[in-house]
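One structure below.
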Amino acid sequence: MTPPPFAFTFDGRLVRAEPGQSVAAALIAAGHRSWRHTRAEGRPRGVFCGIGVCFDCLVTINGTPNHRACLAEVRPGDVVSTQEGAGRDDLAC
Amino acid sequence: MTTSPAERPGTRYDIAVLGAGPAGLAAAVAAAGQGAGTVLIDAGARPGGQYWRHREGDEGALHHGWGHFRRLRRGLSAHGADYRPGHCVWHVERTEAGFTVHATREGSPRTVRAKAVIVATGAYDRQLPFPGWTTPGVFTAGAVQALLKGHGVPAGRRIAVAGTGPFLLPVAAGLAEAGVRVVGVFEAGLPTAFGRHPLATLRNLPKLAEGAGYLGTLLRHRVPYRTRTTVVAAHGTATVTGATVARLDQRWRIVPGSTREIDCDTVAVGYGFTPQTEIPLQLGCAMRRDADGSLVARVDARQRASVDGVYVAGEACGVGGAQLSAVEGELAGLHAAYATTGSAPDRRRLAGLLRRRAAQRSFAAALHRAYPVPDGWQTWLERDTTVCRCEEVTAGAIREAVDDLGATDPRAVKLYARPGMGLCQGRVCGYATTCLVARATGRRPTADDLRGMATRPIAHPLTLGALAAGDDSGGDDSGGG
Ligand SMILES: Cc1cc2nc3c(=O)[nH]c(=O)nc-3n(C[C@H](O)[C@H](O)[C@H](O)COP(=O)(O)OP(=O)(O)OC[C@H]3O[C@@H](n4cnc5c(N)ncnc54)[C@H](O)[C@@H]3O)c2cc1C
Ligand code: FES
């Protein structure tokens, strides 16, 4: 039997998710297209490559920025919020 | 999965396989089947790579070759290979005794030691920039496929599928079958050239039948399929509200007067694939420019790279589809096992694999010739069109780096104008930047140009904390989970 759907929040609003979905997939299914603004021009971004390559889909999950929404599996009760910029201060690359 | 003795920190495996797609799975099963101590490391939560991407509990409804996948998955545990999902490999280091693979799992460092490594890291969609391609709602074709196959989510309601190559067909057919309105498949190329390679065609009839099946699905759902046509602009700010479609000449310049507006909320776009080659590059393996213009690792008949103990299989040594990846993986797995354990080669098995590899490689080469990417796409760009999505570098800024600052190769342009300096490290814009710079300096892109945009000492961005924590050999990685 497939486990039942559950809820998480995105910028304070409830969003439904199926078990095993990524944060990005659940947001797209709920009609959202973007959850980040670029650092230089403040442009909206969401999923582009869908497989963890492009880093367009960065999002803040439970207070921690820089999660790739296309890879992070969503969990019941997650608090997801829009991220400003690439927040790369603590990243090495 | 329980912790086997071989998994204890500090133990050395015979073989570490990097990537659990068709190539890596086949490699790990073949190697473990020969009695080699094998670990299979993959960034994803489940095995299968791009081709067999699936959700937990999904038993193959949308998949080709699912029986093959199940056999490989069973083979992994039957032969006692250790499988470590959720491990992002960021660096592979050569040591006196072999290799140390540095990875992170949920941000914490993990290291694995092995005598040999098999790199099976696959590829991702190759992109060409065009006005509006950063608008949310423009996705790579692979992203649209991954959302549908991996998560059961259609990327939009009215989708235009555009770009070039045979991969556009399964993407469009999958969407149509899921009940999504596909407003058109816009194939920039004119793939009739394929008919000129009768031998490759005959040896690969099943694959052609698969393609014909997708075309049949499109016909049934009344999805228009147009060749020498593509999406040259996407419109909208917060989300896609439409797109411009144009007919192209042989060199992919827009045919004057042929542009038209289409009503769509989503664009799925892909121009072939770019292999993930950072690990062979880190290890100093010899590279080459493949027939499709991609930088790939050079391999010999045994799938060996130029560096001792390094094998490369699947799309990282040349794009050619899942079946070819699996055959190369099996060959790499066998040869790595023979080399590390001293077991005797099975000549008949090898001969069969070599035959299949030759047939599939000739098919792949014919496809690459049938779907070239001529450089006329550069005329679709405006000066203010973004090329590097991460650092928001425009086509104009790249041009200025060449014309005004005197840069003559992509590496110099990268330093002056910053394309490829963002978090994706040039994965997305590397090919386009290389082509733009080459053309602006009046020449063709070389393997060296591509290498300038593809070299990444750290294959995955990681937190400074994880980097500082360094080696975990005293820590505990129970794997399996
Ligand atoms: C998004 C996408 C969807 C696709 N869908 C289809 C499809 O539906 N049908 C089709 O015929 N072809 C599809 N393809 C083409 C596909 O690339 C090949 O058919 C096939 O999957 C190639 O097999 P592979 O084993 O060489 O690589 P892949 O299947 O790409 O497997 C590579 C694996 O390596 C892992 N990996 C890469 N880098 C690292 C690292 N640094 N650390 C840890 N793990 C790493 C990846 O997570 C992945 O699991 C798709 C390609 C893409 C990019
Ligand atoms: S969409 Fe590209 S990394 Fe997530």
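Ligands are numbered from 1 in the order shown, residues from 1 within each chain, and chains are lettered A, B, ... in the order they appear in the structure tokens.
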
Can you work out which residues from chain B touch chain A at a cut-off of 6 Å (counting only C-alpha atoms) and hand them back as a tab-separated table (two decimals) with all heavy atoms, in the first residue's frame?
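The resulting file, result_13.tsv, is reproduced below:
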```
chain	number	residue	atom	x	y	z
B	136	PRO	N	11.42	31.13	-14.88
B	136	PRO	CA	10.87	29.91	-14.28
B	136	PRO	C	9.78	29.31	-15.18
B	136	PRO	O	8.90	30.04	-15.66
B	136	PRO	CB	10.28	30.40	-12.96
B	136	PRO	CG	11.10	31.61	-12.61
B	136	PRO	CD	11.39	32.27	-13.94
B	139	PHE	N	12.52	24.50	-18.44
B	139	PHE	CA	13.23	23.41	-17.77
B	139	PHE	C	14.10	22.69	-18.79
B	139	PHE	O	13.82	22.74	-19.99
B	139	PHE	CB	12.24	22.37	-17.23
B	139	PHE	CG	11.27	22.86	-16.22
B	139	PHE	CD1	10.00	23.30	-16.60
B	139	PHE	CD2	11.59	22.86	-14.87
B	139	PHE	CE1	9.08	23.73	-15.67
B	139	PHE	CE2	10.66	23.30	-13.93
B	139	PHE	CZ	9.41	23.73	-14.31
B	140	THR	N	15.09	21.96	-18.32
B	140	THR	CA	15.77	21.05	-19.22
B	140	THR	C	14.79	19.90	-19.52
B	140	THR	O	13.91	19.60	-18.71
B	140	THR	CB	17.05	20.46	-18.61
B	140	THR	OG1	16.69	19.57	-17.54
B	140	THR	CG2	17.97	21.54	-18.09
B	143	ALA	N	14.92	17.46	-16.81
B	143	ALA	CA	14.21	17.83	-15.59
B	143	ALA	C	12.73	17.46	-15.70
B	143	ALA	O	12.13	16.93	-14.77
B	143	ALA	CB	14.35	19.34	-15.33
B	151	HIS	N	8.90	11.58	-9.77
B	151	HIS	CA	8.04	12.19	-8.75
B	151	HIS	C	6.56	12.20	-9.11
B	151	HIS	O	5.73	12.66	-8.34
B	151	HIS	CB	8.49	13.63	-8.48
B	151	HIS	CG	9.93	13.74	-8.11
B	151	HIS	ND1	10.40	13.61	-6.83
B	151	HIS	CD2	11.03	13.91	-8.88
B	151	HIS	CE1	11.71	13.71	-6.82
B	151	HIS	NE2	12.13	13.89	-8.05
B	153	VAL	N	5.09	14.10	-11.25
B	153	VAL	CA	4.59	15.48	-11.37
B	153	VAL	C	4.83	16.02	-12.79
B	153	VAL	O	5.98	16.11	-13.23
B	153	VAL	CB	5.31	16.40	-10.36
B	153	VAL	CG1	4.91	17.85	-10.55
B	153	VAL	CG2	5.01	15.95	-8.93
B	424	CYS	N	27.37	26.24	-10.05
B	424	CYS	CA	27.37	25.05	-10.91
B	424	CYS	C	28.73	24.86	-11.58
B	424	CYS	O	28.94	23.86	-12.26
B	424	CYS	CB	26.24	25.08	-11.94
B	424	CYS	SG	26.70	25.75	-13.55
B	458	ILE	N	36.83	20.54	-7.03
B	458	ILE	CA	35.82	20.00	-6.11
B	458	ILE	C	34.58	19.73	-6.95
B	458	ILE	O	33.98	20.64	-7.50
B	458	ILE	CB	35.52	21.02	-4.99
B	458	ILE	CG1	36.78	21.19	-4.12
B	458	ILE	CG2	34.35	20.56	-4.15
B	458	ILE	CD1	36.64	22.17	-3.00
B	461	PRO	N	29.92	21.34	-4.71
B	461	PRO	CA	30.13	22.33	-3.66
B	461	PRO	C	29.88	21.66	-2.31
B	461	PRO	O	28.99	20.82	-2.18
B	461	PRO	CB	29.06	23.38	-3.91
B	461	PRO	CG	28.67	23.19	-5.33
B	461	PRO	CD	28.87	21.75	-5.63
B	462	LEU	N	30.69	21.97	-1.32
B	462	LEU	CA	30.44	21.40	0.00
B	462	LEU	C	30.67	22.48	1.03
B	462	LEU	O	31.29	23.50	0.74
B	462	LEU	CB	31.34	20.17	0.24
B	462	LEU	CG	32.83	20.37	0.34
B	462	LEU	CD1	33.44	19.13	0.97
B	462	LEU	CD2	33.43	20.54	-1.03
B	463	THR	N	30.14	22.28	2.20
B	463	THR	CA	30.27	23.33	3.20
B	463	THR	C	31.70	23.35	3.70
B	463	THR	O	32.39	22.34	3.71
B	463	THR	CB	29.32	23.09	4.39
B	463	THR	OG1	29.69	21.85	4.99
B	463	THR	CG2	27.88	23.05	3.97
B	464	LEU	N	32.12	24.55	4.13
B	464	LEU	CA	33.48	24.68	4.65
B	464	LEU	C	33.65	23.77	5.85
B	464	LEU	O	34.72	23.23	6.08
B	464	LEU	CB	33.75	26.14	5.02
B	464	LEU	CG	33.79	27.08	3.81
B	464	LEU	CD1	33.91	28.53	4.26
B	464	LEU	CD2	34.93	26.72	2.87
```

Produce as a PyMOL selection string the set of residues near ligand 1, where near means within 6 Å with only C-alpha atoms and all ligand atoms considered. (chain A and resi 51) or (chain B and resi 18-24+42-44+49-51+87-90+120-125+142-143+145-146+314-315+321-322+325+459)

Take the residues from that selection and put them in a file with C-alpha atoms, as an mmCIF file, in the first residue's frame.
```
data_model
loop_
_atom_site.group_PDB
_atom_site.id
_atom_site.type_symbol
_atom_site.label_atom_id
_atom_site.label_comp_id
_atom_site.auth_asym_id
_atom_site.auth_seq_id
_atom_site.Cartn_x
_atom_site.Cartn_y
_atom_site.Cartn_z
ATOM 1 C CA ILE A 51 18.967 16.544 -11.117
ATOM 2 C CA LEU B 18 31.159 5.875 -8.752
ATOM 3 C CA GLY B 19 27.587 6.297 -10.000
ATOM 4 C CA ALA B 20 24.683 3.814 -9.880
ATOM 5 C CA GLY B 21 23.104 4.356 -13.296
ATOM 6 C CA PRO B 22 23.025 1.625 -15.970
ATOM 7 C CA ALA B 23 26.838 1.763 -16.316
ATOM 8 C CA GLY B 24 27.694 1.761 -12.614
ATOM 9 C CA ASP B 42 25.911 7.205 -5.701
ATOM 10 C CA ALA B 43 24.504 10.623 -4.941
ATOM 11 C CA GLY B 44 20.895 9.522 -5.431
ATOM 12 C CA GLY B 49 20.690 6.750 -12.443
ATOM 13 C CA GLN B 50 18.836 8.867 -14.965
ATOM 14 C CA TYR B 51 17.443 6.041 -17.066
ATOM 15 C CA HIS B 87 26.955 9.936 -1.129
ATOM 16 C CA CYS B 88 28.118 12.909 -3.226
ATOM 17 C CA VAL B 89 31.687 12.340 -4.384
ATOM 18 C CA TRP B 90 33.616 15.622 -4.459
ATOM 19 C CA ALA B 120 30.237 5.948 -14.155
ATOM 20 C CA THR B 121 28.940 9.425 -13.425
ATOM 21 C CA GLY B 122 26.761 9.787 -16.532
ATOM 22 C CA ALA B 123 25.710 13.028 -18.162
ATOM 23 C CA TYR B 124 23.252 15.894 -17.913
ATOM 24 C CA ASP B 125 21.290 17.840 -20.530
ATOM 25 C CA GLY B 142 15.740 15.861 -18.465
ATOM 26 C CA ALA B 143 14.208 17.833 -15.588
ATOM 27 C CA GLN B 145 11.434 13.709 -17.510
ATOM 28 C CA ALA B 146 12.798 13.401 -13.964
ATOM 29 C CA GLY B 314 28.832 4.945 -19.671
ATOM 30 C CA GLU B 315 28.226 8.496 -20.774
ATOM 31 C CA GLY B 321 22.241 5.711 -24.355
ATOM 32 C CA ALA B 322 21.488 3.363 -21.495
ATOM 33 C CA SER B 325 26.303 2.405 -20.814
ATOM 34 C CA ALA B 459 33.151 18.085 -8.032
#
```

List the spatial neighbours of segment 183-186 of chain B as a PyMOL selection string - criterion: any atom at most 12 Å away, only C-alpha atoms, same-chain residues fewer than 2 positions off excluded. chain B and resi 141+156-173+175-176+180-181+188-190+214-215+218-219+221-232+242-248+261-271

Write a file of the selected residues as an mmCIF file, in the first residue's frame, keeping C-alpha atoms.
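File written: result.cif
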```
data_model
loop_
_atom_site.group_PDB
_atom_site.id
_atom_site.type_symbol
_atom_site.label_atom_id
_atom_site.label_comp_id
_atom_site.auth_asym_id
_atom_site.auth_seq_id
_atom_site.Cartn_x
_atom_site.Cartn_y
_atom_site.Cartn_z
ATOM 1 C CA ALA B 141 14.114 18.146 -21.034
ATOM 2 C CA GLY B 156 3.252 22.236 -16.576
ATOM 3 C CA ARG B 157 -0.066 22.185 -18.404
ATOM 4 C CA ARG B 158 0.870 23.275 -21.921
ATOM 5 C CA ILE B 159 4.403 22.208 -22.702
ATOM 6 C CA ALA B 160 6.597 22.941 -25.723
ATOM 7 C CA VAL B 161 9.420 20.406 -26.136
ATOM 8 C CA ALA B 162 12.396 21.808 -28.053
ATOM 9 C CA GLY B 163 16.049 21.219 -28.857
ATOM 10 C CA THR B 164 17.678 18.403 -30.731
ATOM 11 C CA GLY B 165 18.229 14.676 -30.456
ATOM 12 C CA PRO B 166 16.287 11.465 -29.968
ATOM 13 C CA PHE B 167 15.749 12.140 -26.249
ATOM 14 C CA LEU B 168 13.043 14.734 -27.041
ATOM 15 C CA LEU B 169 10.756 11.911 -28.198
ATOM 16 C CA PRO B 170 10.443 9.877 -24.958
ATOM 17 C CA VAL B 171 10.050 13.128 -23.013
ATOM 18 C CA ALA B 172 7.190 14.351 -25.219
ATOM 19 C CA ALA B 173 5.574 10.902 -25.449
ATOM 20 C CA LEU B 175 4.026 13.798 -21.113
ATOM 21 C CA ALA B 176 1.321 13.109 -23.700
ATOM 22 C CA VAL B 180 -0.355 16.789 -20.471
ATOM 23 C CA ARG B 181 -1.001 18.985 -23.497
ATOM 24 C CA ALA B 188 16.131 21.956 -34.515
ATOM 25 C CA GLY B 189 17.829 19.333 -36.654
ATOM 26 C CA LEU B 190 16.776 17.396 -39.701
ATOM 27 C CA TYR B 214 7.290 7.267 -29.424
ATOM 28 C CA LEU B 215 6.403 8.881 -32.764
ATOM 29 C CA LEU B 218 2.780 11.585 -30.496
ATOM 30 C CA LEU B 219 0.637 10.975 -33.576
ATOM 31 C CA HIS B 221 -2.155 12.402 -29.179
ATOM 32 C CA ARG B 222 -2.027 14.780 -32.186
ATOM 33 C CA VAL B 223 1.229 16.342 -31.030
ATOM 34 C CA PRO B 224 2.844 18.242 -33.923
ATOM 35 C CA TYR B 225 6.450 17.223 -34.648
ATOM 36 C CA ARG B 226 8.423 19.887 -36.560
ATOM 37 C CA THR B 227 12.003 19.607 -37.755
ATOM 38 C CA ARG B 228 14.439 22.487 -38.462
ATOM 39 C CA THR B 229 12.361 24.422 -35.952
ATOM 40 C CA THR B 230 12.974 25.388 -32.353
ATOM 41 C CA VAL B 231 12.040 27.683 -29.488
ATOM 42 C CA VAL B 232 14.236 30.786 -29.861
ATOM 43 C CA GLY B 242 4.517 31.901 -24.133
ATOM 44 C CA ALA B 243 7.394 31.284 -26.504
ATOM 45 C CA THR B 244 8.690 32.247 -29.925
ATOM 46 C CA VAL B 245 9.240 29.413 -32.360
ATOM 47 C CA ALA B 246 11.268 29.856 -35.556
ATOM 48 C CA ARG B 247 12.312 27.817 -38.543
ATOM 49 C CA LEU B 248 16.052 27.360 -38.932
ATOM 50 C CA GLU B 261 4.305 32.999 -31.064
ATOM 51 C CA ILE B 262 2.970 29.932 -29.333
ATOM 52 C CA ASP B 263 0.775 29.677 -26.280
ATOM 53 C CA CYS B 264 2.438 27.572 -23.577
ATOM 54 C CA ASP B 265 3.244 27.742 -19.870
ATOM 55 C CA THR B 266 6.316 25.511 -19.979
ATOM 56 C CA VAL B 267 9.306 24.910 -22.236
ATOM 57 C CA ALA B 268 11.319 21.667 -22.004
ATOM 58 C CA VAL B 269 14.614 22.072 -23.814
ATOM 59 C CA GLY B 270 17.739 20.009 -24.475
ATOM 60 C CA TYR B 271 20.461 19.866 -27.104
#
```

For Leu76 of chain B, the nearest of the candidates B:Ala97, B:Ala365, B:Ala31, B:Ile118, counting only C-alpha atoms: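 The closest residue to Leu76 of chain B is B:Ala31.
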
Which of segment 74-124 of chain B counts as helix (DSSP H, G or I) under DSSP, as a count of residues only please? 5

So which one's closest to ligand 2, B:Val437, B:Cys390, B:Met453, B:Ile279? Using only C-alpha atoms and all ligand atoms, please. B:Cys390

Counting only C-alpha atoms, what is within 10 Å of Phe130 of chain B, bar same-chain residues fewer than 2 positions away, as a list of chain:residue names?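 Selected residues are B:Gln127, B:Leu128, B:Gly132, B:Trp133, B:Thr134, B:Val231, B:Val232, B:Ala233, B:Ala234, B:Trp377, B:Gln378, B:Thr379, B:Trp380, B:Leu381, B:Glu382, B:Thr385, B:Thr386, B:Val387, B:Ala395.
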
For C-alpha atoms, I'd like the residues from the last selection saved as a tab-separated table (two decimals), in the first residue's frame.
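Saved to selection-v8.tsv:
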```tsv
chain	number	residue	atom	x	y	z
B	127	GLN	CA	21.91	23.59	-23.03
B	128	LEU	CA	22.11	26.46	-25.45
B	132	GLY	CA	14.15	34.16	-21.70
B	133	TRP	CA	15.70	30.79	-20.84
B	134	THR	CA	16.14	31.81	-17.20
B	231	VAL	CA	12.04	27.68	-29.49
B	232	VAL	CA	14.24	30.79	-29.86
B	233	ALA	CA	12.75	32.85	-27.02
B	234	ALA	CA	10.63	32.32	-23.91
B	377	TRP	CA	22.23	29.31	-32.45
B	378	GLN	CA	24.54	32.15	-31.46
B	379	THR	CA	22.49	34.48	-33.66
B	380	TRP	CA	19.38	33.88	-31.46
B	381	LEU	CA	21.09	35.70	-28.59
B	382	GLU	CA	20.69	39.40	-27.75
B	385	THR	CA	20.79	37.41	-23.00
B	386	THR	CA	22.09	35.58	-19.92
B	387	VAL	CA	24.64	32.89	-20.74
B	395	ALA	CA	26.40	37.25	-24.12
```

Point-to-point distance in Å for atom CA of Arg289 of chain B and atom CA of Ala417 of chain B: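 Rounded to one decimal, the two atoms are 25.0 Å apart.
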
Just checking: using only C-alpha atoms and all ligand atoms, which residue out of A:Val59, A:Val79, A:Val74, A:Val15 ends up closest to ligand 2?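 Going through A:Val59, A:Val79, A:Val74, A:Val15 one by one, the smallest distance to ligand 2 is for A:Val59.
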
From the list B:Arg427, B:Arg220, B:Arg451, B:Arg110, which residue is nearest ligand 2 when using only C-alpha atoms and all ligand atoms?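 Checking each candidate against ligand 2, we get B:Arg427 as the closest.
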